[in-house]
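Structure data follow from work.pdb (PDB, C-alpha atoms and all ligand atoms):
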MODEL        1
ATOM      1  CA  MET O   5       0.000   0.000   0.000
ATOM      2  CA  GLU O   6       1.310   3.421  -0.950
ATOM      3  CA  ALA O   7       1.966   5.809   1.905
ATOM      4  CA  SER O   8      -0.092   8.954   1.466
ATOM      5  CA  MET O   9       2.119  11.982   1.082
ATOM      6  CA  PRO O  10       1.226  15.261   2.825
ATOM      7  CA  LYS O  11      -0.102  17.630   0.232
ATOM      8  CA  ARG O  12       2.262  20.481  -0.525
ATOM      9  CA  LYS O  13       0.564  23.806  -0.620
ATOM     10  CA  GLU O  14       0.751  25.288  -4.104
ATOM     11  CA  PRO O  15       2.371  28.691  -4.004
ATOM     12  CA  GLY O  16      -0.240  31.347  -4.702
ATOM     13  CA  LYS O  17      -0.381  32.917  -8.120
ATOM     14  CA  SER O  18       1.359  36.220  -8.592
ATOM     15  CA  LEU O  19      -0.834  39.274  -8.652
ATOM     16  CA  ARG O  20      -0.542  42.700 -10.266
ATOM     17  CA  ILE O  21      -2.104  45.634  -8.511
ATOM     18  CA  LYS O  22      -2.353  49.353  -9.056
ATOM     19  CA  VAL O  23      -2.023  51.758  -6.168
ATOM     20  CA  ILE O  24      -2.284  55.555  -6.220
ATOM     21  CA  SER O  25      -1.520  58.276  -3.687
ATOM     22  CA  MET O  26      -3.897  61.185  -3.117
ATOM     23  CA  GLY O  27      -3.939  64.275  -0.906
ATOM     24  CA  ASN O  28      -3.006  67.952  -0.885
ATOM     25  CA  ALA O  29       0.396  69.189  -2.028
ATOM     26  CA  GLY O  30       3.090  68.883   0.613
ATOM     27  CA  VAL O  31       1.325  66.442   2.957
ATOM     28  CA  GLY O  32       4.053  63.836   2.467
ATOM     29  CA  LYS O  33       2.732  61.362  -0.143
ATOM     30  CA  SER O  34       6.056  60.944  -1.931
ATOM     31  CA  CYS O  35       7.982  60.755   1.355
ATOM     32  CA  ILE O  36       5.716  57.983   2.678
ATOM     33  CA  ILE O  37       6.333  55.927  -0.475
ATOM     34  CA  LYS O  38      10.073  56.687  -0.390
ATOM     35  CA  ARG O  39      10.298  55.743   3.296
ATOM     36  CA  TYR O  40       8.768  52.334   2.571
ATOM     37  CA  CYS O  41      10.489  51.573  -0.737
ATOM     38  CA  GLU O  42      13.900  53.177  -0.167
ATOM     39  CA  LYS O  43      14.021  53.349   3.651
ATOM     40  CA  ARG O  44      15.008  56.993   3.609
ATOM     41  CA  PHE O  45      13.596  60.448   4.213
ATOM     42  CA  VAL O  46      14.227  63.623   2.249
ATOM     43  CA  SER O  47      13.529  66.793   4.214
ATOM     44  CA  LYS O  48      13.755  69.114   1.206
ATOM     45  CA  TYR O  49      10.363  69.572  -0.474
ATOM     46  CA  LEU O  50      10.534  68.396  -4.078
ATOM     47  CA  ALA O  51       6.986  68.733  -5.374
ATOM     48  CA  THR O  52       5.902  65.909  -7.643
ATOM     49  CA  ILE O  53       5.378  67.117 -11.190
ATOM     50  CA  GLY O  54       2.223  65.448 -12.494
ATOM     51  CA  ILE O  55       2.772  61.783 -11.630
ATOM     52  CA  ASP O  56       5.712  59.690 -10.421
ATOM     53  CA  TYR O  57       5.527  56.055 -11.366
ATOM     54  CA  GLY O  58       7.297  53.122  -9.757
ATOM     55  CA  VAL O  59       7.060  49.333  -9.597
ATOM     56  CA  THR O  60       7.831  47.214  -6.580
ATOM     57  CA  LYS O  61       7.385  43.578  -5.593
ATOM     58  CA  VAL O  62       6.052  42.494  -2.225
ATOM     59  CA  GLN O  63       5.243  39.138  -0.677
ATOM     60  CA  VAL O  64       1.826  38.824   0.943
ATOM     61  CA  ARG O  65       1.155  35.437   2.549
ATOM     62  CA  ASP O  66       2.154  33.011  -0.223
ATOM     63  CA  ARG O  67       1.570  35.419  -3.073
ATOM     64  CA  GLU O  68       4.015  37.591  -4.911
ATOM     65  CA  ILE O  69       2.478  40.968  -5.596
ATOM     66  CA  LYS O  70       3.696  43.286  -8.302
ATOM     67  CA  VAL O  71       2.685  46.760  -7.221
ATOM     68  CA  ASN O  72       2.430  49.621  -9.715
ATOM     69  CA  ILE O  73       2.522  52.821  -7.691
ATOM     70  CA  PHE O  74       1.302  56.091  -9.197
ATOM     71  CA  ASP O  75       2.325  58.899  -6.865
ATOM     72  CA  MET O  76       0.174  61.896  -7.726
ATOM     73  CA  ALA O  77       0.935  65.575  -7.443
ATOM     74  CA  GLY O  78      -1.430  67.280  -5.006
ATOM     75  CA  ASP O  79      -1.307  70.713  -6.613
ATOM     76  CA  PRO O  80      -4.618  71.636  -8.332
ATOM     77  CA  PHE O  81      -2.539  72.660 -11.375
ATOM     78  CA  PHE O  82      -2.024  68.965 -12.175
ATOM     79  CA  TYR O  83      -5.694  68.001 -12.196
ATOM     80  CA  GLU O  84      -5.644  67.298 -15.950
ATOM     81  CA  VAL O  85      -2.683  64.959 -15.546
ATOM     82  CA  ARG O  86      -4.120  63.164 -12.510
ATOM     83  CA  ASN O  87      -7.500  62.424 -13.976
ATOM     84  CA  GLU O  88      -5.994  59.979 -16.493
ATOM     85  CA  PHE O  89      -4.803  57.765 -13.668
ATOM     86  CA  TYR O  90      -7.744  57.030 -11.378
ATOM     87  CA  LYS O  91      -9.203  54.086 -13.251
ATOM     88  CA  ASP O  92      -8.372  50.411 -12.568
ATOM     89  CA  THR O  93      -7.054  51.193  -9.109
ATOM     90  CA  GLN O  94      -7.188  48.613  -6.312
ATOM     91  CA  GLY O  95      -5.735  50.731  -3.516
ATOM     92  CA  VAL O  96      -5.503  54.391  -2.545
ATOM     93  CA  ILE O  97      -3.119  55.927  -0.021
ATOM     94  CA  LEU O  98      -5.034  59.017   1.078
ATOM     95  CA  VAL O  99      -2.785  61.382   3.004
ATOM     96  CA  TYR O 100      -3.269  64.487   5.125
ATOM     97  CA  ASP O 101      -0.924  66.453   7.359
ATOM     98  CA  VAL O 102      -2.046  66.429  11.023
ATOM     99  CA  GLY O 103      -0.734  70.001  11.340
ATOM    100  CA  GLN O 104      -2.775  71.308   8.390
ATOM    101  CA  LYS O 105      -6.531  71.278   8.971
ATOM    102  CA  ASP O 106      -7.083  72.259   5.320
ATOM    103  CA  SER O 107      -5.477  69.050   4.153
ATOM    104  CA  PHE O 108      -7.844  67.022   6.369
ATOM    105  CA  ASP O 109     -10.896  68.996   5.235
ATOM    106  CA  ALA O 110      -9.815  68.387   1.630
ATOM    107  CA  LEU O 111     -10.132  64.582   1.884
ATOM    108  CA  ASP O 112     -13.777  64.666   0.791
ATOM    109  CA  ALA O 113     -12.836  66.737  -2.251
ATOM    110  CA  TRP O 114     -10.178  64.154  -3.178
ATOM    111  CA  LEU O 115     -12.770  61.398  -3.050
ATOM    112  CA  ALA O 116     -15.105  63.552  -5.140
ATOM    113  CA  GLU O 117     -12.391  64.137  -7.750
ATOM    114  CA  MET O 118     -11.745  60.415  -8.009
ATOM    115  CA  LYS O 119     -15.462  59.611  -8.178
ATOM    116  CA  GLN O 120     -16.012  62.170 -10.899
ATOM    117  CA  ASP O 121     -13.137  60.870 -12.982
ATOM    118  CA  LEU O 122     -14.246  57.257 -12.634
ATOM    119  CA  GLY O 123     -17.615  58.277 -14.008
ATOM    120  CA  PRO O 124     -21.067  56.836 -13.327
ATOM    121  CA  HIS O 125     -19.875  53.238 -13.760
ATOM    122  CA  GLY O 126     -16.800  53.507 -11.544
ATOM    123  CA  ASN O 127     -17.148  51.666  -8.258
ATOM    124  CA  MET O 128     -15.313  53.083  -5.255
ATOM    125  CA  GLU O 129     -16.639  50.260  -3.048
ATOM    126  CA  ASN O 130     -14.119  47.880  -4.588
ATOM    127  CA  ILE O 131     -11.088  49.941  -3.654
ATOM    128  CA  VAL O 132      -9.075  49.713  -0.425
ATOM    129  CA  PHE O 133      -8.393  53.150   1.075
ATOM    130  CA  ALA O 134      -5.619  53.668   3.631
ATOM    131  CA  VAL O 135      -5.890  57.061   5.285
ATOM    132  CA  CYS O 136      -2.515  58.311   6.557
ATOM    133  CA  ALA O 137      -2.560  60.986   9.246
ATOM    134  CA  ASN O 138       1.008  62.030   8.450
ATOM    135  CA  LYS O 139       3.724  64.127  10.135
ATOM    136  CA  ILE O 140       2.808  62.903  13.638
ATOM    137  CA  ASP O 141       6.406  63.695  14.597
ATOM    138  CA  CYS O 142       5.428  67.400  14.551
ATOM    139  CA  ALA O 143       3.341  67.032  17.733
ATOM    140  CA  LYS O 144       3.586  70.745  18.590
ATOM    141  CA  HIS O 145       1.784  71.765  15.399
ATOM    142  CA  ARG O 146      -0.836  69.041  15.469
ATOM    143  CA  CYS O 147      -4.384  70.359  14.994
ATOM    144  CA  VAL O 148      -6.279  67.263  13.784
ATOM    145  CA  ASP O 149      -6.356  64.696  16.572
ATOM    146  CA  GLU O 150      -6.444  60.947  16.194
ATOM    147  CA  SER O 151     -10.107  60.443  17.029
ATOM    148  CA  GLU O 152     -11.219  63.030  14.461
ATOM    149  CA  GLY O 153      -9.186  61.392  11.692
ATOM    150  CA  ARG O 154     -10.102  57.874  12.717
ATOM    151  CA  LEU O 155     -13.793  58.760  12.873
ATOM    152  CA  TRP O 156     -13.695  60.171   9.336
ATOM    153  CA  ALA O 157     -11.841  57.138   7.971
ATOM    154  CA  GLU O 158     -13.676  54.384   9.803
ATOM    155  CA  SER O 159     -17.115  55.825   9.145
ATOM    156  CA  LYS O 160     -16.314  55.345   5.460
ATOM    157  CA  GLY O 161     -14.949  51.832   5.959
ATOM    158  CA  PHE O 162     -11.376  52.982   5.295
ATOM    159  CA  LEU O 163      -8.196  51.875   7.065
ATOM    160  CA  TYR O 164      -6.618  54.540   9.296
ATOM    161  CA  PHE O 165      -2.959  54.948  10.269
ATOM    162  CA  GLU O 166      -0.929  57.488  12.180
ATOM    163  CA  THR O 167       2.313  57.920  10.238
ATOM    164  CA  SER O 168       5.557  59.803  10.059
ATOM    165  CA  ALA O 169       7.623  59.532   6.912
ATOM    166  CA  GLN O 170      10.375  61.297   8.833
ATOM    167  CA  THR O 171      10.746  58.792  11.695
ATOM    168  CA  GLY O 172       9.189  55.841   9.860
ATOM    169  CA  GLU O 173       6.517  55.374  12.539
ATOM    170  CA  GLY O 174       3.456  53.547  11.271
ATOM    171  CA  ILE O 175       4.745  53.242   7.690
ATOM    172  CA  ASN O 176       5.517  49.500   7.518
ATOM    173  CA  GLU O 177       2.352  48.650   9.420
ATOM    174  CA  MET O 178       0.337  50.783   7.028
ATOM    175  CA  PHE O 179       1.742  49.171   3.859
ATOM    176  CA  GLN O 180       1.517  45.628   5.236
ATOM    177  CA  THR O 181      -2.129  46.005   6.266
ATOM    178  CA  PHE O 182      -2.918  47.888   3.052
ATOM    179  CA  TYR O 183      -1.447  45.198   0.778
ATOM    180  CA  LEU O 184      -3.023  42.422   2.820
ATOM    181  CA  SER O 185      -6.431  44.092   2.479
ATOM    182  CA  ILE O 186      -5.961  44.440  -1.289
ATOM    183  CA  VAL O 187      -5.050  40.764  -1.606
ATOM    184  CA  ASP O 188      -8.089  39.867   0.525
ATOM    185  CA  LEU O 189     -10.185  42.040  -1.762
ATOM    186  CA  CYS O 190      -8.846  40.338  -4.897
ATOM    187  CA  GLU O 191      -9.412  36.898  -3.353
ATOM    188  CA  ASN O 192     -12.857  38.000  -2.224
ATOM    189  CA  GLY O 193     -14.062  38.547  -5.773
ATOM    190  CA  GLY O 194     -13.395  42.294  -5.679
ATOM    191  CA  LYS O 195     -15.419  43.022  -2.558
ATOM    192  CA  ARG O 196     -13.818  45.131   0.154
ATOM    193  CA  PRO O 197     -13.035  42.978   3.215
ATOM    194  CA  ASN O 198     -15.129  43.761   6.246
ATOM    195  CA  THR O 199     -12.340  44.724   8.652
ATOM    196  CA  ASN O 200     -12.521  48.292   9.947
ATOM    197  CA  SER O 201     -15.855  48.747   8.279
ATOM    198  CA  SER O 202     -18.387  51.202   9.567
ATOM    199  CA  ALA O 203     -20.454  48.316  10.936
ATOM    200  CA  SER O 204     -19.169  48.917  14.481
ATOM    201  CA  PHE O 205     -20.914  52.293  14.816
ATOM    202  CA  THR O 206     -23.755  54.113  13.124
ATOM    203  CA  LYS O 207     -23.764  57.190  10.908
ATOM    204  CA  GLU O 208     -25.935  58.912  13.506
ATOM    205  CA  GLN O 209     -23.266  58.320  16.169
ATOM    206  CA  ALA O 210     -20.479  59.597  13.876
ATOM    207  CA  ASP O 211     -22.479  62.674  12.826
ATOM    208  CA  THR O 212     -23.408  63.456  16.444
ATOM    209  CA  ILE O 213     -19.769  63.299  17.592
ATOM    210  CA  ARG O 214     -18.776  65.631  14.734
ATOM    211  CA  ARG O 215     -21.612  68.022  15.572
ATOM    212  CA  ILE O 216     -20.621  68.127  19.256
ATOM    213  CA  ARG O 217     -16.977  68.761  18.328
ATOM    214  CA  SER O 218     -17.898  71.796  16.279
ATOM    215  CA  SER O 219     -20.423  73.202  18.800
ATOM    216  CA  LYS O 220     -19.756  76.704  20.080
ATOM    217  CA  ASP O 221     -21.526  76.557  23.457
ATOM    218  CA  SER O 222     -23.332  74.227  25.881
ATOM    219  CA  TRP O 223     -26.758  74.801  24.275
ATOM    220  CA  ASP O 224     -25.302  73.863  20.938
ATOM    221  CA  MET O 225     -23.604  70.771  22.376
ATOM    222  CA  LEU O 226     -26.905  69.441  23.661
ATOM    223  CA  GLY O 227     -28.687  70.506  20.476
ATOM    224  CA  VAL O 228     -31.257  72.709  22.273
ATOM    225  CA  LYS O 229     -32.201  76.349  21.685
ATOM    226  CA  PRO O 230     -30.630  78.944  24.017
ATOM    227  CA  GLY O 231     -33.072  79.490  26.887
ATOM    228  CA  ALA O 232     -34.469  75.920  26.778
ATOM    229  CA  SER O 233     -36.173  74.579  29.935
ATOM    230  CA  ARG O 234     -34.743  72.023  32.410
ATOM    231  CA  ASP O 235     -37.007  69.386  30.881
ATOM    232  CA  GLU O 236     -35.805  70.099  27.378
ATOM    233  CA  VAL O 237     -32.159  69.996  28.494
ATOM    234  CA  ASN O 238     -32.669  66.722  30.350
ATOM    235  CA  LYS O 239     -34.533  65.176  27.442
ATOM    236  CA  ALA O 240     -31.788  66.137  24.998
ATOM    237  CA  TYR O 241     -29.147  64.887  27.438
ATOM    238  CA  ARG O 242     -30.818  61.491  27.853
ATOM    239  CA  LYS O 243     -31.039  61.014  24.087
ATOM    240  CA  LEU O 244     -27.355  61.829  23.611
ATOM    241  CA  ALA O 245     -26.317  59.707  26.605
ATOM    242  CA  VAL O 246     -28.044  56.660  25.109
ATOM    243  CA  LEU O 247     -26.421  57.319  21.732
ATOM    244  CA  LEU O 248     -22.884  57.999  22.968
ATOM    245  CA  HIS O 249     -22.471  56.096  26.217
ATOM    246  CA  PRO O 250     -19.015  54.458  26.106
ATOM    247  CA  ASP O 251     -20.584  51.072  26.951
ATOM    248  CA  LYS O 252     -22.711  51.307  23.809
ATOM    249  CA  CYS O 253     -20.716  53.385  21.371
ATOM    250  CA  VAL O 254     -17.296  52.422  20.010
ATOM    251  CA  ALA O 255     -16.980  55.289  17.527
ATOM    252  CA  PRO O 256     -13.644  57.130  17.847
ATOM    253  CA  GLY O 257     -14.110  60.216  20.028
ATOM    254  CA  SER O 258     -17.337  58.984  21.652
ATOM    255  CA  GLU O 259     -15.863  59.013  25.157
ATOM    256  CA  ASP O 260     -14.807  62.656  24.883
ATOM    257  CA  ALA O 261     -18.116  63.625  23.298
ATOM    258  CA  PHE O 262     -19.982  61.885  26.134
ATOM    259  CA  LYS O 263     -17.960  63.823  28.745
ATOM    260  CA  VAL O 264     -18.624  67.083  26.914
ATOM    261  CA  VAL O 265     -22.362  66.362  26.952
ATOM    262  CA  VAL O 266     -22.331  65.555  30.700
ATOM    263  CA  ASN O 267     -20.444  68.807  31.444
ATOM    264  CA  ALA O 268     -22.703  70.861  29.174
ATOM    265  CA  ARG O 269     -25.821  69.572  30.935
ATOM    266  CA  THR O 270     -24.332  70.292  34.391
ATOM    267  CA  ALA O 271     -23.358  73.816  33.325
ATOM    268  CA  LEU O 272     -26.798  74.583  31.862
ATOM    269  CA  LEU O 273     -28.804  73.159  34.781
ATOM    270  CA  LYS O 274     -26.823  75.329  37.227
ATOM    271  CA  ASN O 275     -28.271  78.415  35.576
ATOM    272  CA  ILE O 276     -31.815  77.285  34.799
ATOM    273  CA  LYS O 277     -34.404  77.858  37.513
TER
HETATM  274  P1  LIG O 301       3.211  66.949  -3.771
HETATM  275  O1  LIG O 301       4.079  66.036  -4.540
HETATM  276  O2  LIG O 301       3.480  68.393  -4.062
HETATM  277  O3  LIG O 301       1.770  66.640  -3.921
HETATM  278  O4  LIG O 301       3.588  66.772  -2.194
HETATM  279  P2  LIG O 301       3.741  65.415  -1.376
HETATM  280  O5  LIG O 301       2.471  65.117  -0.685
HETATM  281  O6  LIG O 301       4.323  64.337  -2.199
HETATM  282  O7  LIG O 301       4.775  65.856  -0.230
HETATM  283  P3  LIG O 301       6.283  65.390  -0.041
HETATM  284  O8  LIG O 301       6.347  63.934   0.243
HETATM  285  O9  LIG O 301       7.099  65.894  -1.158
HETATM  286  O10 LIG O 301       6.644  66.157   1.321
HETATM  287  C1  LIG O 301       6.453  67.546   1.470
HETATM  288  C2  LIG O 301       7.324  68.095   2.579
HETATM  289  O11 LIG O 301       6.919  67.546   3.824
HETATM  290  C3  LIG O 301       8.813  67.758   2.432
HETATM  291  O12 LIG O 301       9.575  68.844   2.864
HETATM  292  C4  LIG O 301       8.996  66.580   3.373
HETATM  293  O13 LIG O 301      10.306  66.504   3.878
HETATM  294  C5  LIG O 301       8.004  66.894   4.473
HETATM  295  N1  LIG O 301       7.489  65.684   5.130
HETATM  296  C6  LIG O 301       6.906  64.622   4.540
HETATM  297  N2  LIG O 301       6.541  63.712   5.450
HETATM  298  C7  LIG O 301       6.893  64.210   6.645
HETATM  299  C8  LIG O 301       6.778  63.726   7.991
HETATM  300  O14 LIG O 301       6.258  62.660   8.279
HETATM  301  N3  LIG O 301       7.249  64.559   8.982
HETATM  302  C9  LIG O 301       7.808  65.769   8.714
HETATM  303  N4  LIG O 301       8.248  66.483   9.739
HETATM  304  N5  LIG O 301       7.935  66.236   7.466
HETATM  305  C10 LIG O 301       7.492  65.471   6.434
HETATM  306 MG    MG O 302       4.845  64.227  -4.136
ENDMDL
END
Rewrite the structure of this file - the entire thing - as structure tokens.
Ligand code: GTP
Ligand code: MG
Amino acid sequence: MEASMPKRKEPGKSLRIKVISMGNAGVGKSCIIKRYCEKRFVSKYLATIGIDYGVTKVQVRDREIKVNIFDMAGDPFFYEVRNEFYKDTQGVILVYDVGQKDSFDALDAWLAEMKQDLGPHGNMENIVFAVCANKIDCAKHRCVDESEGRLWAESKGFLYFETSAQTGEGINEMFQTFYLSIVDLCENGGKRPNTNSSASFTKEQADTIRRIRSSKDSWDMLGVKPGASRDEVNKAYRKLAVLLHPDKCVAPGSEDAFKVVVNARTALLKNIK
């Protein structure tokens, strides 16, 4: 009788993927790619002219991945050049500078530009997005905190990473998770894997946290009109407490928002007869 041999796992087929970088000029897109591919950092700003193209090979599980990277210029001047390159993309590295609020606020416009260029038949659901909150080494200048960035990314089902191209922090982790998610997506018939999806919190919770963050006073935080009664304040408080209680809500920033709501209610009730 023939001894049965253990089956050798066939090495996975090689895969070709296309990755692009997006985000405002100067946020560090090229430096993030350089840090990962060349293990170095250039402090002098050399703006990308149009597009920089590079090819690299990476190993993900048992698959060899050939990655075509299109590093885009963030300057609006290069819009015409960029819009040729959005199609057939499997992964996007979407970068902002944590010290530049404008670059964070611009993320929606970057998605809109991509969506517009892909046209009515383009499907953004089948693309893995890795949001990089970059330049975390410049802690003194930071004006977009982690929970704000994470909330934006995770409520869209995107991956979120805190990175520094200068020190290298977060860069390897970002690329490894990013490539793994793309391979999962390709093996999943083109559907985005469910990790980090928005399923863990609702749009209402995310929108409420954002609204509270941008509120100008305690009335605003509770969502009641100035001069509201004790009953109205308490009613609004109870609704928000149910929505944001840390035991029930895992959205980034919910704990802080909950505390803000508790303090706002206390402050208002002190002054209402
Ligand atoms: P465009 O090509 O014009 O769209 O810009 P970009 O997003 O590619 O920016 P680039 O990578 O060229 O970096 C812009 C400037 O920011 C350079 O001076 C970099 O040295 C600097 N920079 C990039 N990443 C970091 C970082 O993590 N920390 C710090 N301190 N500086 C960084
Ligand atoms: Mg660049």
**OP:** I would like the residues chosen by the PyMOL selection byres (((not hetatm)) within 9 of (chain O and resi 301)) on the shown file; could you give them as a VMD selection string?
**Re:** chain O and resid 25 to 38 45 to 56 75 to 79 99 to 101 138 to 142 167 to 173
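Taking atom CA of O:Tyr90 and atom CA of O:Arg154 as endpoints, the distance between them is 24.2 Å.
Atom CA of O:Thr93 is found 14.1 Å from atom CA of O:Glu117.
Atom pair atom CA of O:Thr206 / atom CA of O:Lys263 has a distance of 19.3 Å (rounded to one decimal).
Within 10 Å of the point (-3.9, 60.1, -15.6) in file coordinates, and counting all atoms listed in the file, lie the residues Gly54, Ile55, Phe74, Met76, Phe82, Tyr83, Glu84, Val85, Arg86, Asn87, Glu88, Phe89, Tyr90, Lys91 and Asp121 of chain O.
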Output of the PyMOL selection byres (((chain O and resi 112) around 12) and not hetatm), listed as an mmCIF file with C-alpha atoms, in the frame of the given file:
data_model
loop_
_atom_site.group_PDB
_atom_site.id
_atom_site.type_symbol
_atom_site.label_atom_id
_atom_site.label_comp_id
_atom_site.auth_asym_id
_atom_site.auth_seq_id
_atom_site.Cartn_x
_atom_site.Cartn_y
_atom_site.Cartn_z
ATOM 1 C CA MET O 26 -3.897 61.185 -3.117
ATOM 2 C CA GLY O 27 -3.939 64.275 -0.906
ATOM 3 C CA ASN O 28 -3.006 67.952 -0.885
ATOM 4 C CA LEU O 98 -5.034 59.017 1.078
ATOM 5 C CA VAL O 99 -2.785 61.382 3.004
ATOM 6 C CA TYR O 100 -3.269 64.487 5.125
ATOM 7 C CA ASP O 106 -7.083 72.259 5.320
ATOM 8 C CA SER O 107 -5.477 69.050 4.153
ATOM 9 C CA PHE O 108 -7.844 67.022 6.369
ATOM 10 C CA ASP O 109 -10.896 68.996 5.235
ATOM 11 C CA ALA O 110 -9.815 68.387 1.630
ATOM 12 C CA LEU O 111 -10.132 64.582 1.884
ATOM 13 C CA ALA O 113 -12.836 66.737 -2.251
ATOM 14 C CA TRP O 114 -10.178 64.154 -3.178
ATOM 15 C CA LEU O 115 -12.770 61.398 -3.050
ATOM 16 C CA ALA O 116 -15.105 63.552 -5.140
ATOM 17 C CA GLU O 117 -12.391 64.137 -7.750
ATOM 18 C CA MET O 118 -11.745 60.415 -8.009
ATOM 19 C CA LYS O 119 -15.462 59.611 -8.178
ATOM 20 C CA VAL O 135 -5.890 57.061 5.285
ATOM 21 C CA TRP O 156 -13.695 60.171 9.336
ATOM 22 C CA ALA O 157 -11.841 57.138 7.971
ATOM 23 C CA LYS O 160 -16.314 55.345 5.460
#
Subject >> Counting only C-alpha atoms, the option among O:Ala232, O:Val96, O:Ile186, O:Val254 closest to O:Met128 >> reply: O:Val96
Could you get me a file of stretch 16-28 of chain O with N, CA, C and O atoms, as a PDB file, in the first residue's frame, taken from the block above?
ATOM      1  N   GLY O  16       0.818  30.538  -4.105  1.00  0.00           N
ATOM      2  CA  GLY O  16      -0.240  31.347  -4.702  1.00  0.00           C
ATOM      3  C   GLY O  16       0.219  32.002  -5.992  1.00  0.00           C
ATOM      4  O   GLY O  16       1.407  32.220  -6.196  1.00  0.00           O
ATOM      5  N   LYS O  17      -0.726  32.272  -6.856  1.00  0.00           N
ATOM      6  CA  LYS O  17      -0.381  32.917  -8.120  1.00  0.00           C
ATOM      7  C   LYS O  17       0.084  34.342  -7.871  1.00  0.00           C
ATOM      8  O   LYS O  17      -0.326  34.970  -6.906  1.00  0.00           O
ATOM      9  N   SER O  18       0.939  34.835  -8.770  1.00  0.00           N
ATOM     10  CA  SER O  18       1.359  36.220  -8.592  1.00  0.00           C
ATOM     11  C   SER O  18       0.207  37.142  -9.002  1.00  0.00           C
ATOM     12  O   SER O  18      -0.698  36.754  -9.733  1.00  0.00           O
ATOM     13  N   LEU O  19       0.274  38.345  -8.493  1.00  0.00           N
ATOM     14  CA  LEU O  19      -0.834  39.274  -8.652  1.00  0.00           C
ATOM     15  C   LEU O  19      -0.261  40.638  -9.024  1.00  0.00           C
ATOM     16  O   LEU O  19       0.783  41.029  -8.525  1.00  0.00           O
ATOM     17  N   ARG O  20      -0.943  41.326  -9.911  1.00  0.00           N
ATOM     18  CA  ARG O  20      -0.542  42.700 -10.266  1.00  0.00           C
ATOM     19  C   ARG O  20      -1.575  43.652  -9.723  1.00  0.00           C
ATOM     20  O   ARG O  20      -2.764  43.446  -9.954  1.00  0.00           O
ATOM     21  N   ILE O  21      -1.129  44.665  -9.009  1.00  0.00           N
ATOM     22  CA  ILE O  21      -2.104  45.634  -8.511  1.00  0.00           C
ATOM     23  C   ILE O  21      -1.662  47.061  -8.824  1.00  0.00           C
ATOM     24  O   ILE O  21      -0.488  47.325  -9.047  1.00  0.00           O
ATOM     25  N   LYS O  22      -2.647  47.941  -8.831  1.00  0.00           N
ATOM     26  CA  LYS O  22      -2.353  49.353  -9.056  1.00  0.00           C
ATOM     27  C   LYS O  22      -2.760  50.153  -7.823  1.00  0.00           C
ATOM     28  O   LYS O  22      -3.874  50.034  -7.324  1.00  0.00           O
ATOM     29  N   VAL O  23      -1.813  50.953  -7.371  1.00  0.00           N
ATOM     30  CA  VAL O  23      -2.023  51.758  -6.168  1.00  0.00           C
ATOM     31  C   VAL O  23      -1.743  53.220  -6.515  1.00  0.00           C
ATOM     32  O   VAL O  23      -0.814  53.508  -7.274  1.00  0.00           O
ATOM     33  N   ILE O  24      -2.564  54.129  -5.994  1.00  0.00           N
ATOM     34  CA  ILE O  24      -2.284  55.555  -6.220  1.00  0.00           C
ATOM     35  C   ILE O  24      -2.213  56.287  -4.879  1.00  0.00           C
ATOM     36  O   ILE O  24      -2.745  55.823  -3.876  1.00  0.00           O
ATOM     37  N   SER O  25      -1.534  57.435  -4.897  1.00  0.00           N
ATOM     38  CA  SER O  25      -1.520  58.276  -3.687  1.00  0.00           C
ATOM     39  C   SER O  25      -2.355  59.519  -3.976  1.00  0.00           C
ATOM     40  O   SER O  25      -2.380  60.015  -5.102  1.00  0.00           O
ATOM     41  N   MET O  26      -3.053  59.991  -2.961  1.00  0.00           N
ATOM     42  CA  MET O  26      -3.897  61.185  -3.117  1.00  0.00           C
ATOM     43  C   MET O  26      -3.783  62.062  -1.874  1.00  0.00           C
ATOM     44  O   MET O  26      -3.551  61.557  -0.779  1.00  0.00           O
ATOM     45  N   GLY O  27      -3.983  63.343  -2.042  1.00  0.00           N
ATOM     46  CA  GLY O  27      -3.939  64.275  -0.906  1.00  0.00           C
ATOM     47  C   GLY O  27      -3.284  65.576  -1.339  1.00  0.00           C
ATOM     48  O   GLY O  27      -2.593  65.627  -2.364  1.00  0.00           O
ATOM     49  N   ASN O  28      -3.508  66.615  -0.535  1.00  0.00           N
ATOM     50  CA  ASN O  28      -3.006  67.952  -0.885  1.00  0.00           C
ATOM     51  C   ASN O  28      -1.490  67.981  -1.102  1.00  0.00           C
ATOM     52  O   ASN O  28      -0.763  67.117  -0.582  1.00  0.00           O
TER      53      ASN O  28
END
